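Novice: Coordinates in coords34.cif, mmCIF, C-alpha atoms, are listed below.
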data_input
#
loop_
_atom_site.label_atom_id
_atom_site.label_comp_id
_atom_site.auth_asym_id
_atom_site.auth_seq_id
_atom_site.Cartn_x
_atom_site.Cartn_y
_atom_site.Cartn_z
CA MET A 1 0.00 0.00 0.00
CA SER A 2 1.31 3.43 -0.94
CA ASP A 3 1.75 6.30 1.50
CA ALA A 4 -1.24 8.14 -0.01
CA GLN A 5 -3.45 5.22 0.76
CA THR A 6 -2.11 4.64 4.26
CA PRO A 7 -4.25 6.24 6.95
CA ALA A 8 -2.55 8.71 9.25
CA GLU A 9 -1.01 7.25 12.37
CA GLY A 10 -3.40 7.28 15.30
CA LYS A 11 -6.43 8.17 13.17
CA PRO A 12 -9.10 5.78 11.90
CA ALA A 13 -9.71 5.26 8.27
CA ALA A 14 -12.40 7.27 6.51
CA SER A 15 -14.60 4.21 6.26
CA GLU A 16 -14.35 3.68 10.00
CA VAL A 17 -15.16 7.23 10.99
CA PRO A 18 -18.82 7.77 11.80
CA ASN A 19 -20.92 10.55 10.39
CA GLY A 20 -20.00 9.93 6.83
CA GLY A 21 -16.25 9.92 7.33
CA ALA A 22 -15.98 13.30 9.03
CA ALA A 23 -13.47 13.21 11.87
CA PRO A 24 -14.95 14.01 15.32
CA THR A 25 -13.97 17.28 16.86
CA THR A 26 -11.99 17.40 20.08
CA ASP A 27 -14.61 19.58 21.84
CA GLU A 28 -17.65 17.69 23.14
CA ALA A 29 -21.14 18.98 22.45
CA PRO A 30 -22.55 21.01 25.37
CA LYS A 31 -24.90 19.06 27.60
CA PRO A 32 -28.37 20.47 28.09
CA GLN A 33 -28.75 21.80 31.63
CA ALA A 34 -31.76 21.69 33.92
CA PRO A 35 -33.79 24.87 33.98
CA GLU A 36 -32.83 27.16 36.82
CA VAL A 37 -35.45 27.37 39.54
CA PRO A 38 -35.77 30.90 40.88
CA GLU A 39 -35.06 31.20 44.57
CA PRO A 40 -38.17 31.95 46.63
CA SER A 41 -38.42 35.37 48.19
CA ARG A 42 -37.86 35.97 51.86
CA TRP A 43 -41.55 36.60 52.44
CA HIS A 44 -42.47 33.36 50.70
CA THR A 45 -39.97 31.42 52.81
CA THR A 46 -41.29 33.02 55.98
CA TRP A 47 -44.89 32.22 55.08
CA GLN A 48 -43.91 28.64 54.22
CA GLN A 49 -42.31 28.21 57.63
CA ILE A 50 -45.36 29.65 59.38
CA ALA A 51 -47.86 27.61 57.36
CA THR A 52 -46.02 24.34 57.95
CA GLY A 53 -45.24 24.97 61.62
CA ASN A 54 -47.08 23.69 64.67
CA ALA A 55 -47.86 27.10 66.16
CA ILE A 56 -50.30 27.96 63.37
CA ILE A 57 -52.27 24.79 64.14
CA SER A 58 -52.81 25.92 67.74
CA VAL A 59 -53.97 29.37 66.64
CA LEU A 60 -56.32 28.01 63.99
CA ALA A 61 -57.66 25.40 66.40
CA VAL A 62 -58.75 28.23 68.71
CA VAL A 63 -60.33 30.08 65.77
CA LEU A 64 -62.26 27.00 64.65
CA ALA A 65 -63.43 26.32 68.20
CA LEU A 66 -64.70 29.89 68.52
CA ILE A 67 -66.54 29.58 65.21
CA VAL A 68 -68.25 26.38 66.33
CA GLY A 69 -69.02 28.03 69.67
CA ALA A 70 -70.63 30.95 67.81
CA ILE A 71 -72.85 28.52 65.92
CA MET A 72 -73.94 26.89 69.19
CA ILE A 73 -74.63 30.28 70.78
CA ALA A 74 -76.80 31.25 67.82
CA PHE A 75 -78.74 27.97 67.86
CA THR A 76 -79.48 28.23 71.58
CA ASP A 77 -80.55 31.89 71.52
CA GLU A 78 -84.30 32.41 71.89
CA GLU A 79 -84.44 35.48 69.63
CA VAL A 80 -82.70 33.59 66.85
CA GLN A 81 -85.16 30.73 67.22
CA GLN A 82 -88.12 33.10 67.01
CA ALA A 83 -86.74 34.94 63.97
CA SER A 84 -85.95 31.69 62.17
CA VAL A 85 -89.66 30.79 62.12
CA TYR A 86 -90.31 33.39 59.41
CA PHE A 87 -86.83 33.18 57.85
CA PHE A 88 -88.05 32.95 54.23
CA ALA A 89 -90.32 35.95 54.68
CA ARG A 90 -87.77 38.22 56.38
CA PRO A 91 -84.32 36.57 56.40
CA GLY A 92 -82.65 39.78 57.54
CA ASP A 93 -84.22 39.48 61.00
CA THR A 94 -82.61 36.09 61.50
CA PHE A 95 -79.15 37.30 60.53
CA ILE A 96 -79.49 40.36 62.76
CA ALA A 97 -80.55 38.16 65.66
CA ILE A 98 -77.58 35.85 65.05
CA TRP A 99 -75.19 38.79 64.98
CA ASN A 100 -76.64 40.26 68.16
CA SER A 101 -76.43 36.98 70.06
CA VAL A 102 -72.91 36.05 68.98
CA SER A 103 -71.42 39.54 69.24
CA GLY A 104 -73.10 40.11 72.59
CA ALA A 105 -71.79 36.81 73.99
CA TYR A 106 -68.20 37.32 72.84
CA SER A 107 -68.28 40.97 73.88
CA ALA A 108 -69.29 39.86 77.36
CA LEU A 109 -66.53 37.27 77.26
CA PHE A 110 -63.99 39.96 76.43
CA GLN A 111 -65.27 42.44 79.02
CA GLY A 112 -65.30 39.73 81.65
CA SER A 113 -61.74 38.61 80.96
CA ILE A 114 -59.73 41.53 79.56
CA TYR A 115 -61.23 44.98 80.06
CA ASN A 116 -64.67 46.23 81.05
CA PHE A 117 -65.49 49.42 79.14
CA ARG A 118 -68.50 50.08 81.32
CA ARG A 119 -66.39 50.90 84.36
CA ASP A 120 -65.71 54.52 85.26
CA THR A 121 -61.96 54.30 85.84
CA PHE A 122 -59.11 52.38 84.27
CA ALA A 123 -58.29 50.73 87.59
CA LEU A 124 -61.78 49.24 87.76
CA GLY A 125 -61.89 48.42 84.06
CA ILE A 126 -58.69 46.37 84.21
CA LYS A 127 -59.92 44.17 87.06
CA PRO A 128 -61.17 41.42 84.66
CA LEU A 129 -57.61 41.03 83.39
CA THR A 130 -56.37 40.46 86.92
CA ASP A 131 -59.07 37.81 87.35
CA THR A 132 -57.89 36.15 84.15
CA LEU A 133 -54.30 36.05 85.38
CA THR A 134 -55.49 34.65 88.72
CA PHE A 135 -57.33 31.82 86.98
CA ALA A 136 -54.35 31.29 84.69
CA THR A 137 -51.80 30.93 87.52
CA PRO A 138 -52.49 27.26 88.42
CA LEU A 139 -53.12 26.43 84.76
CA ILE A 140 -49.69 27.73 83.76
CA ALA A 141 -47.93 25.89 86.59
CA GLY A 142 -49.82 22.67 85.93
CA GLY A 143 -49.35 22.94 82.17
CA LEU A 144 -45.60 23.34 82.65
CA GLY A 145 -45.54 20.16 84.72
CA VAL A 146 -47.46 18.15 82.14
CA GLY A 147 -45.48 19.67 79.26
CA LEU A 148 -42.11 18.86 80.85
CA ALA A 149 -43.20 15.26 81.34
CA PHE A 150 -44.20 15.18 77.66
CA ARG A 151 -40.70 16.29 76.67
CA VAL A 152 -39.24 13.40 78.67
CA GLY A 153 -41.56 10.99 76.87
CA MET A 154 -43.96 10.49 79.78
CA PHE A 155 -47.68 11.15 80.03
CA ASN A 156 -48.35 12.62 83.46
CA ILE A 157 -52.10 12.64 84.01
CA GLY A 158 -51.75 12.50 87.76
CA GLY A 159 -51.97 16.24 88.19
CA ARG A 160 -55.02 15.99 90.43
CA GLY A 161 -53.29 13.74 92.94
CA GLN A 162 -50.10 15.78 92.94
CA MET A 163 -52.08 18.99 93.47
CA LEU A 164 -54.07 17.46 96.34
CA ILE A 165 -50.98 16.25 98.18
CA ALA A 166 -49.20 19.57 97.66
CA ALA A 167 -52.26 21.51 98.79
CA SER A 168 -52.59 19.34 101.89
CA VAL A 169 -48.96 19.80 102.92
CA ALA A 170 -48.97 23.55 102.22
CA GLY A 171 -52.35 23.97 103.91
CA TRP A 172 -51.28 22.01 107.00
CA ILE A 173 -48.20 24.21 107.34
CA GLY A 174 -50.29 27.27 106.55
CA PHE A 175 -52.83 26.84 109.36
CA GLY A 176 -50.95 24.59 111.78
CA PHE A 177 -47.93 26.78 112.52
CA ASP A 178 -47.31 30.35 113.56
CA LEU A 179 -44.16 31.65 111.86
CA PRO A 180 -42.95 35.16 111.02
CA PRO A 181 -44.29 36.84 107.86
CA GLY A 182 -42.46 35.82 104.70
CA ILE A 183 -40.85 32.81 106.34
CA HIS A 184 -44.20 31.17 106.94
CA MET A 185 -45.21 31.61 103.31
CA PHE A 186 -41.83 30.33 102.10
CA VAL A 187 -41.94 27.23 104.31
CA ALA A 188 -45.50 26.42 103.22
CA LEU A 189 -44.52 26.90 99.58
CA VAL A 190 -41.48 24.63 99.83
CA GLY A 191 -43.49 22.01 101.71
CA GLY A 192 -46.15 21.97 98.99
CA LEU A 193 -43.56 21.69 96.22
CA LEU A 194 -41.88 18.77 98.00
CA GLY A 195 -45.24 17.03 98.49
CA GLY A 196 -46.14 17.31 94.80
CA ALA A 197 -42.62 16.26 93.74
CA LEU A 198 -42.62 13.17 95.93
CA TRP A 199 -46.09 12.12 94.77
CA GLY A 200 -45.09 12.52 91.14
CA GLY A 201 -41.73 10.84 91.79
CA ILE A 202 -43.54 7.64 92.79
CA ALA A 203 -44.69 7.16 89.19
CA GLY A 204 -41.22 7.94 87.84
CA LEU A 205 -39.55 5.53 90.26
CA LEU A 206 -41.96 2.70 89.45
CA LYS A 207 -41.40 3.22 85.73
CA ALA A 208 -37.63 3.30 86.18
CA LYS A 209 -37.42 0.23 88.42
CA THR A 210 -40.26 -2.00 87.24
CA GLY A 211 -41.28 -0.59 83.85
CA ALA A 212 -44.79 0.22 85.11
CA HIS A 213 -46.63 2.48 82.71
CA GLU A 214 -46.92 6.00 84.11
CA VAL A 215 -50.46 6.46 82.78
CA ILE A 216 -51.85 3.61 84.88
CA VAL A 217 -49.77 4.56 87.91
CA THR A 218 -50.75 8.23 87.86
CA ILE A 219 -54.44 7.40 87.40
CA MET A 220 -54.35 5.12 90.43
CA LEU A 221 -52.40 7.69 92.45
CA ASN A 222 -55.12 10.24 91.71
CA PHE A 223 -57.65 8.05 93.50
CA VAL A 224 -55.24 7.28 96.33
CA ALA A 225 -54.57 10.98 96.90
CA PHE A 226 -58.24 11.92 96.72
CA TYR A 227 -59.42 9.36 99.27
CA LEU A 228 -56.40 9.96 101.48
CA VAL A 229 -57.07 13.71 101.62
CA SER A 230 -60.80 13.09 102.08
CA TRP A 231 -60.02 10.88 105.09
CA MET A 232 -57.70 13.49 106.60
CA LEU A 233 -60.36 16.17 106.12
CA ARG A 234 -62.82 14.07 108.15
CA THR A 235 -60.32 13.24 110.88
CA PRO A 236 -59.89 15.69 113.78
CA GLY A 237 -56.28 16.52 114.48
CA LEU A 238 -55.16 16.11 110.85
CA LEU A 239 -56.75 18.51 108.34
CA GLN A 240 -60.26 18.95 109.69
CA ALA A 241 -61.02 22.25 111.38
CA PRO A 242 -61.32 21.88 115.18
CA GLY A 243 -64.90 21.71 116.40
CA SER A 244 -66.32 21.27 112.90
CA SER A 245 -68.08 18.28 111.40
CA ASN A 246 -67.55 19.44 107.81
CA PRO A 247 -64.67 17.99 105.77
CA LYS A 248 -62.88 21.32 105.55
CA THR A 249 -59.64 22.78 106.88
CA PRO A 250 -59.29 25.90 109.03
CA ALA A 251 -58.48 29.22 107.41
CA MET A 252 -54.87 29.86 106.48
CA ASN A 253 -52.66 31.97 108.75
CA ASP A 254 -52.32 35.50 107.44
CA ASN A 255 -48.52 35.17 107.41
CA ALA A 256 -48.73 32.19 105.04
CA ILE A 257 -51.03 33.77 102.45
CA PHE A 258 -49.52 34.92 99.14
CA TRP A 259 -49.08 38.66 98.84
CA ASN A 260 -51.73 40.53 96.89
CA LEU A 261 -50.15 42.22 93.88
CA LYS A 262 -52.77 44.80 92.97
CA GLY A 263 -54.27 45.80 96.30
CA ILE A 264 -57.61 45.32 98.04
CA GLY A 265 -60.41 44.43 95.66
CA TYR A 266 -58.22 42.46 93.27
CA ASN A 267 -57.56 38.73 93.34
CA LEU A 268 -54.16 38.66 91.64
CA HIS A 269 -51.55 37.32 94.05
CA PHE A 270 -47.88 36.40 94.31
CA GLY A 271 -48.59 33.00 92.76
CA PHE A 272 -48.64 34.59 89.31
CA VAL A 273 -45.08 35.84 89.81
CA LEU A 274 -44.10 32.29 90.77
CA ALA A 275 -45.79 30.99 87.60
CA VAL A 276 -43.77 33.44 85.49
CA ALA A 277 -40.58 32.37 87.28
CA ALA A 278 -41.48 28.71 86.73
CA THR A 279 -41.94 29.38 83.00
CA ILE A 280 -38.48 30.92 82.76
CA LEU A 281 -36.98 28.09 84.82
CA VAL A 282 -38.51 25.35 82.64
CA TRP A 283 -37.33 27.18 79.51
CA TRP A 284 -33.80 27.29 80.91
CA ILE A 285 -33.88 23.63 81.91
CA LEU A 286 -35.09 22.43 78.52
CA SER A 287 -33.08 24.80 76.33
CA ARG A 288 -29.90 25.70 78.19
CA SER A 289 -29.01 22.92 80.62
CA SER A 290 -27.43 19.52 80.14
CA LEU A 291 -30.29 17.97 82.09
CA GLY A 292 -32.74 19.39 79.58
CA PHE A 293 -30.69 17.98 76.71
CA ARG A 294 -30.88 14.54 78.29
CA PHE A 295 -34.62 15.01 78.88
CA ARG A 296 -35.18 15.80 75.22
CA ALA A 297 -32.92 12.95 74.06
CA VAL A 298 -34.85 10.42 76.16
CA GLY A 299 -38.14 11.85 74.97
CA GLU A 300 -37.15 11.57 71.31
CA ASN A 301 -35.68 8.07 71.44
CA PRO A 302 -34.90 6.35 74.75
CA ASN A 303 -33.00 3.52 73.02
CA ALA A 304 -30.69 5.92 71.21
CA ALA A 305 -30.24 7.90 74.43
CA ARG A 306 -29.28 4.72 76.25
CA VAL A 307 -26.71 3.90 73.59
CA ALA A 308 -25.31 7.42 73.94
CA GLY A 309 -24.64 6.79 77.61
CA ILE A 310 -27.64 8.54 79.16
CA ASN A 311 -29.13 6.93 82.25
CA VAL A 312 -32.71 6.66 81.00
CA PRO A 313 -34.31 5.41 84.27
CA SER A 314 -32.80 8.35 86.17
CA MET A 315 -34.24 10.78 83.63
CA TYR A 316 -37.69 9.31 84.23
CA VAL A 317 -37.35 9.86 87.97
CA TYR A 318 -35.96 13.39 87.65
CA GLY A 319 -38.58 14.31 85.08
CA MET A 320 -41.48 13.19 87.24
CA LEU A 321 -40.01 14.87 90.32
CA ILE A 322 -39.85 18.22 88.55
CA SER A 323 -43.22 17.67 86.89
CA GLY A 324 -44.82 16.86 90.25
CA ALA A 325 -43.24 19.95 91.84
CA LEU A 326 -44.69 22.18 89.12
CA LEU A 327 -48.14 20.67 89.57
CA GLY A 328 -47.59 21.07 93.29
CA LEU A 329 -47.08 24.78 92.67
CA ALA A 330 -50.54 24.81 91.11
CA GLY A 331 -51.98 23.25 94.25
CA VAL A 332 -50.13 25.63 96.54
CA SER A 333 -51.37 28.65 94.59
CA GLN A 334 -54.93 27.42 95.10
CA VAL A 335 -54.51 27.07 98.87
CA LEU A 336 -52.37 30.09 99.70
CA GLY A 337 -53.59 32.42 96.97
CA THR A 338 -57.18 31.72 95.99
CA VAL A 339 -58.97 29.61 98.61
CA THR A 340 -57.45 30.95 101.83
CA THR A 341 -60.50 30.39 104.06
CA GLY A 342 -59.99 26.64 104.11
CA PHE A 343 -60.29 23.99 101.44
CA THR A 344 -62.03 20.70 100.73
CA ALA A 345 -61.13 17.67 98.63
CA GLY A 346 -62.23 19.59 95.53
CA ILE A 347 -59.43 22.12 95.85
CA ASP A 348 -57.92 21.03 92.53
CA ALA A 349 -61.02 22.44 90.71
CA GLY A 350 -60.27 20.31 87.65
CA VAL A 351 -56.97 22.11 87.06
CA GLY A 352 -55.07 18.82 87.02
CA PHE A 353 -56.90 17.73 83.88
CA ASP A 354 -57.15 21.20 82.33
CA ALA A 355 -53.35 21.36 82.55
CA ILE A 356 -53.18 18.55 79.98
CA THR A 357 -55.21 20.68 77.57
CA VAL A 358 -52.98 23.70 78.24
CA ALA A 359 -49.85 21.63 77.57
CA LEU A 360 -51.29 20.29 74.32
CA LEU A 361 -52.33 23.75 73.14
CA GLY A 362 -48.91 25.14 74.06
CA ARG A 363 -47.14 22.33 72.18
CA SER A 364 -45.21 21.49 75.39
CA THR A 365 -43.09 24.63 75.05
CA PRO A 366 -42.83 26.99 78.05
CA GLY A 367 -43.84 30.09 76.08
CA GLY A 368 -46.74 28.33 74.39
CA ILE A 369 -47.96 26.91 77.70
CA PHE A 370 -47.83 30.36 79.28
CA LEU A 371 -50.01 31.86 76.53
CA ALA A 372 -52.35 28.87 76.53
CA GLY A 373 -52.78 29.17 80.29
CA ILE A 374 -53.75 32.83 79.94
CA LEU A 375 -56.23 31.94 77.18
CA PHE A 376 -57.93 29.30 79.30
CA GLY A 377 -57.85 31.65 82.26
CA ALA A 378 -59.71 34.16 80.09
CA PHE A 379 -62.28 31.49 79.23
CA LYS A 380 -62.84 30.80 82.92
CA ALA A 381 -63.05 34.46 83.93
CA GLY A 382 -65.16 35.55 80.93
CA GLY A 383 -67.42 32.52 80.96
CA TYR A 384 -69.17 33.63 84.13
CA SER A 385 -69.61 37.15 82.76
CA MET A 386 -71.00 35.77 79.51
CA GLN A 387 -73.52 33.70 81.41
CA ALA A 388 -74.57 36.56 83.68
CA ALA A 389 -74.81 39.25 80.97
CA GLU A 390 -76.19 37.31 78.00
CA GLY A 391 -77.64 34.19 79.57
CA VAL A 392 -75.30 31.97 77.56
CA PRO A 393 -74.71 28.64 79.33
CA ILE A 394 -71.18 28.37 80.67
CA ASP A 395 -71.12 24.82 79.33
CA ILE A 396 -70.52 26.31 75.88
CA VAL A 397 -67.14 27.56 77.13
CA LEU A 398 -66.31 23.99 78.16
CA VAL A 399 -67.36 22.78 74.71
CA VAL A 400 -65.05 25.37 73.11
CA GLN A 401 -62.16 24.15 75.26
CA SER A 402 -62.88 20.56 74.28
CA LEU A 403 -63.05 21.49 70.60
CA ILE A 404 -59.65 23.14 70.85
CA VAL A 405 -58.18 19.84 71.98
CA LEU A 406 -60.06 18.01 69.23
CA PHE A 407 -58.69 20.26 66.49
CA ILE A 408 -55.16 20.16 67.93
CA ALA A 409 -55.31 16.38 67.85
CA ALA A 410 -56.21 16.47 64.14
CA PRO A 411 -53.72 18.74 62.35
CA PRO A 412 -54.58 17.32 58.89
CA LEU A 413 -58.18 18.42 59.41
CA VAL A 414 -57.13 21.97 60.27
CA ARG A 415 -54.72 22.12 57.33
CA THR A 416 -57.42 20.88 54.97
CA ILE A 417 -60.00 23.42 56.16
CA PHE A 418 -57.58 26.35 55.77
CA ARG A 419 -55.80 24.85 52.74
CA LEU A 420 -52.37 24.95 54.35
CA PRO A 421 -49.42 23.09 52.83
CA ASP A 422 -48.53 19.71 54.23
CA PRO A 423 -45.13 19.88 56.00
CA THR A 424 -44.39 16.26 55.10
CA ARG A 425 -44.48 17.09 51.40
CA GLY A 426 -41.62 19.32 50.41
CA PRO A 427 -41.35 21.16 47.10
CA LYS A 428 -40.79 18.94 44.12
CA ARG A 429 -37.25 19.07 42.78
CA PRO A 430 -36.88 19.45 38.98
CA ARG A 431 -35.97 16.20 37.32
CA PRO A 432 -32.62 16.33 35.49
CA ILE A 433 -32.64 16.02 31.71
CA VAL A 434 -30.98 12.75 30.75
CA THR A 435 -29.34 12.62 27.33
CA LYS A 436 -28.02 9.57 25.56
CA GLU A 437 -24.45 9.94 24.36
CA VAL A 438 -23.08 7.80 21.54
CA ALA A 439 -19.48 6.83 22.15
CA ALA A 440 -17.12 6.81 19.21
CA LYS A 441 -15.90 3.40 18.23
#
Represent the supplied structure as structure tokens.
Specialist:
Amino acid sequence: MSDAQTPAEGKPAASEVPNGGAAPTTDEAPKPQAPEVPEPSRWHTTWQQIATGNAIISVLAVVLALIVGAIMIAFTDEEVQQASVYFFARPGDTFIAIWNSVSGAYSALFQGSIYNFRRDTFALGIKPLTDTLTFATPLIAGGLGVGLAFRVGMFNIGGRGQMLIAASVAGWIGFGFDLPPGIHMFVALVGGLLGGALWGGIAGLLKAKTGAHEVIVTIMLNFVAFYLVSWMLRTPGLLQAPGSSNPKTPAMNDNAIFWNLKGIGYNLHFGFVLAVAATILVWWILSRSSLGFRFRAVGENPNAARVAGINVPSMYVYGMLISGALLGLAGVSQVLGTVTTGFTAGIDAGVGFDAITVALLGRSTPGGIFLAGILFGAFKAGGYSMQAAEGVPIDIVLVVQSLIVLFIAAPPLVRTIFRLPDPTRGPKRPRPIVTKEVAAK
């Protein structure tokens, strides 16, 4: 073969080159790129975080409960029922009656819990707010106790028993001793906290040592505490007032009563300051302390926490001790701040169970529990005003509180009603464009 017919060294022959014999170029063809997705704006990102967060569910649950409560108020109003008889003839009368009943009820609720515009002075007008804070004090303390137990992975529904034991200890110190002012109140307070802590610690110790479920244990301890306190209230020399046949304690010593914060005529007492301090303390424990880190680790995954070297049984005991002390603070505030003329076995006033609702509404966070406690305190304070001013049954307020729990327990329902994005479904990523490349032979 001649040189003209010999292919160049390192190059294929013309017949072997694809594309009709044209030699391939050294530069590869540019690959098609995926379309650039514009970055979302800061406002869009903020709204996405709010819409997919848990806080918005709590707020919307309250809104939905108030809407359902408004419907119930309208249905039970006599004027609405009378106007609905001739609805098709004069529908405007029915709507006016509905507006008057609902607006009147919620206006009375506001004026009975926040500010009464009918009062002559600001000092008198703000008294409903002080009543709200007074009702909220044991709810905040109890909600913090239940919420902290939630963060440790425990369900403390023994708030009633822990409050009763704490109230009994604080009350016994409050009326049975004569100590100097300030010291008497401090000793009674510490005694009540220790009583609630020890009663709650029983459930934590049984879970740590035997694996007993805290729900069953705390339910049983509620009954034990109730009948124990009832027996002491009927036994002279223990809690029963001397010379009385009623199951009631004597009045508290003046030196043991919580200080009044606003003056004569107002019910707000030093217990609210303690509730604020407890909120800050629980926030610090959960967010800034090593104990709180271990609490949260055990609550998220006890097996992983055990592998990481955390003593899980000890965390159960410590968690229930602190939880019981916080619920004990709720009981002490009832005895030394609200019911100072003596108490009965009903001193808990349902706060032990309402604290569970407050903790759920507050998402077990100290700040959320504080706000939820104030909201439920407003319901309690304004409910009586709503009943007295508008004749609305106070049971409707209880229904609203129950509906709040119902909606909080069903986040998908709330998101569907308000058409909120699902946090479990993130934005779809653009699929890359796949091209088929033909390799040169």
Novice: Once the PyMOL selection byres ((chain A and resi 55-63) around 12) is applied to the coordinates I shared, what remains selected? I want it as a PyMOL selection string.
Specialist: chain A and resi 47-54+64-70+357-365+367-369+371-372+375-376+379+397+399-423
Novice: Any idea what's packed within 8 Å of A:Leu233, counting all atoms listed in the file, ignoring anything in its chain fewer than 2 positions away? Could you give it as a list in words?
Specialist: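 With the cut-off at 8 Å, the set is Val229, Ser230, Trp231, Thr235, Pro236, Leu238, Leu239, Gln240, Pro247, Lys248, Thr249, Thr344 and Ala345 of chain A.
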Novice: Considering only C-alpha atoms, can you say which of A:Leu221, A:Ala304, A:Val332, A:Leu194 comes closest to A:Leu206?
Specialist: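 Of the candidates, the smallest distance to A:Leu206 is held by A:Leu221.
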Novice: Hey, can you check how far atom CA of A:Gln334 sits from atom CA of A:His213?
Specialist: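 So the answer is 29.1 Å.
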Novice: What is the distance between atom CA of A:Val273 and atom CA of A:Thr137, in Å to one decimal?
Specialist: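 Computed distance, atom CA of A:Val273 to atom CA of A:Thr137, equals 8.6 Å.
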Novice: Expressed in Å to a single decimal, how great is the separation between atom CA of A:Met315 and atom CA of A:Phe295?
Specialist: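 Separation of atom CA of A:Met315 and atom CA of A:Phe295: 6.4 Å.
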Novice: With only C-alpha atoms as the basis for distance, which of A:Ala225, A:Ala275, A:Val339, A:Val215 is at the shortest distance from A:Gly171?
Specialist: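 Among the listed residues, the smallest separation from A:Gly171 belongs to A:Val339.
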Novice: Show me, as a ChimeraX atom specification, the residues that have an atom within 10 Å of A:Gly153 when counting only C-alpha atoms, minus same-chain residues fewer than 5 positions from it.
Specialist: /A:147-148,295-302,315-316,319
Novice: Go ahead and write the selection's residues with C-alpha atoms as a PDB file, keeping the file's coordinate frame.
Specialist:
ATOM      1  CA  GLY A 147     -45.480  19.670  79.260  1.00  0.00           C
ATOM      2  CA  LEU A 148     -42.110  18.860  80.850  1.00  0.00           C
ATOM      3  CA  PHE A 295     -34.620  15.010  78.880  1.00  0.00           C
ATOM      4  CA  ARG A 296     -35.180  15.800  75.220  1.00  0.00           C
ATOM      5  CA  ALA A 297     -32.920  12.950  74.060  1.00  0.00           C
ATOM      6  CA  VAL A 298     -34.850  10.420  76.160  1.00  0.00           C
ATOM      7  CA  GLY A 299     -38.140  11.850  74.970  1.00  0.00           C
ATOM      8  CA  GLU A 300     -37.150  11.570  71.310  1.00  0.00           C
ATOM      9  CA  ASN A 301     -35.680   8.070  71.440  1.00  0.00           C
ATOM     10  CA  PRO A 302     -34.900   6.350  74.750  1.00  0.00           C
ATOM     11  CA  MET A 315     -34.240  10.780  83.630  1.00  0.00           C
ATOM     12  CA  TYR A 316     -37.690   9.310  84.230  1.00  0.00           C
ATOM     13  CA  GLY A 319     -38.580  14.310  85.080  1.00  0.00           C
TER      14      GLY A 319
END
Novice: Exactly which residues make up the result of the PyMOL selection byres ((chain A and resi 126-132) around 6) on this file, given as a list in words?
Specialist: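 Residues picked by the PyMOL selection byres ((chain A and resi 126-132) around 6): Gly112, Ser113, Ile114, Tyr115, Ala123, Leu124, Gly125, Leu133, Thr134, Phe135, Leu268, Gly377, Ala378 and Ala381 of chain A.
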Novice: For A:Asn255, which residue out of A:Ile73, A:Leu336, A:Leu329, A:Ala277 is the nearest one, using all atoms listed in the file?
Specialist: A:Leu336
Novice: Using only C-alpha atoms, which residues sit within 10 Å of A:Asp348 once same-chain residues fewer than 3 positions away are excluded, as a JSON list (two decimals) with C-alpha atoms, in the frame of the given file?
Specialist:
[["chain", "number", "residue", "atom", "x", "y", "z"],
["A", 138, "PRO", "CA", -52.49, 27.26, 88.42],
["A", 159, "GLY", "CA", -51.97, 16.24, 88.19],
["A", 160, "ARG", "CA", -55.02, 15.99, 90.43],
["A", 161, "GLY", "CA", -53.29, 13.74, 92.94],
["A", 162, "GLN", "CA", -50.10, 15.78, 92.94],
["A", 163, "MET", "CA", -52.08, 18.99, 93.47],
["A", 164, "LEU", "CA", -54.07, 17.46, 96.34],
["A", 167, "ALA", "CA", -52.26, 21.51, 98.79],
["A", 330, "ALA", "CA", -50.54, 24.81, 91.11],
["A", 331, "GLY", "CA", -51.98, 23.25, 94.25],
["A", 332, "VAL", "CA", -50.13, 25.63, 96.54],
["A", 334, "GLN", "CA", -54.93, 27.42, 95.10],
["A", 335, "VAL", "CA", -54.51, 27.07, 98.87],
["A", 343, "PHE", "CA", -60.29, 23.99, 101.44],
["A", 344, "THR", "CA", -62.03, 20.70, 100.73],
["A", 345, "ALA", "CA", -61.13, 17.67, 98.63],
["A", 351, "VAL", "CA", -56.97, 22.11, 87.06],
["A", 352, "GLY", "CA", -55.07, 18.82, 87.02],
["A", 353, "PHE", "CA", -56.90, 17.73, 83.88]]
Novice: Under the PyMOL selection byres ((chain A and resi 83) around 12), which residues of this model are included? Write them out as a list of chain:residue names.
Specialist: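 Checking the PyMOL selection byres ((chain A and resi 83) around 12) against this file, the residues are A:Ala74, A:Phe75, A:Asp77, A:Glu78, A:Glu79, A:Val80, A:Gln81, A:Gln82, A:Ser84, A:Val85, A:Tyr86, A:Phe87, A:Phe88, A:Ala89, A:Arg90, A:Pro91, A:Gly92, A:Asp93, A:Thr94, A:Phe95, A:Ile96, A:Ala97, A:Ile98.
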Novice: Between A:Ser314, A:Asn267, A:Asn116, A:Ser244, single out the one closest to A:Leu205, counting only C-alpha atoms.
Specialist: A:Ser314
Novice: Find the residues around A:Val317 up to 10 Å (only C-alpha atoms counted), leave out those fewer than 2 positions away in its own chain, and share them as JSON, numbers by chain.
Specialist: {"A": [200, 201, 202, 203, 204, 205, 206, 207, 208, 209, 312, 313, 314, 315, 319, 320, 321, 322, 323]}
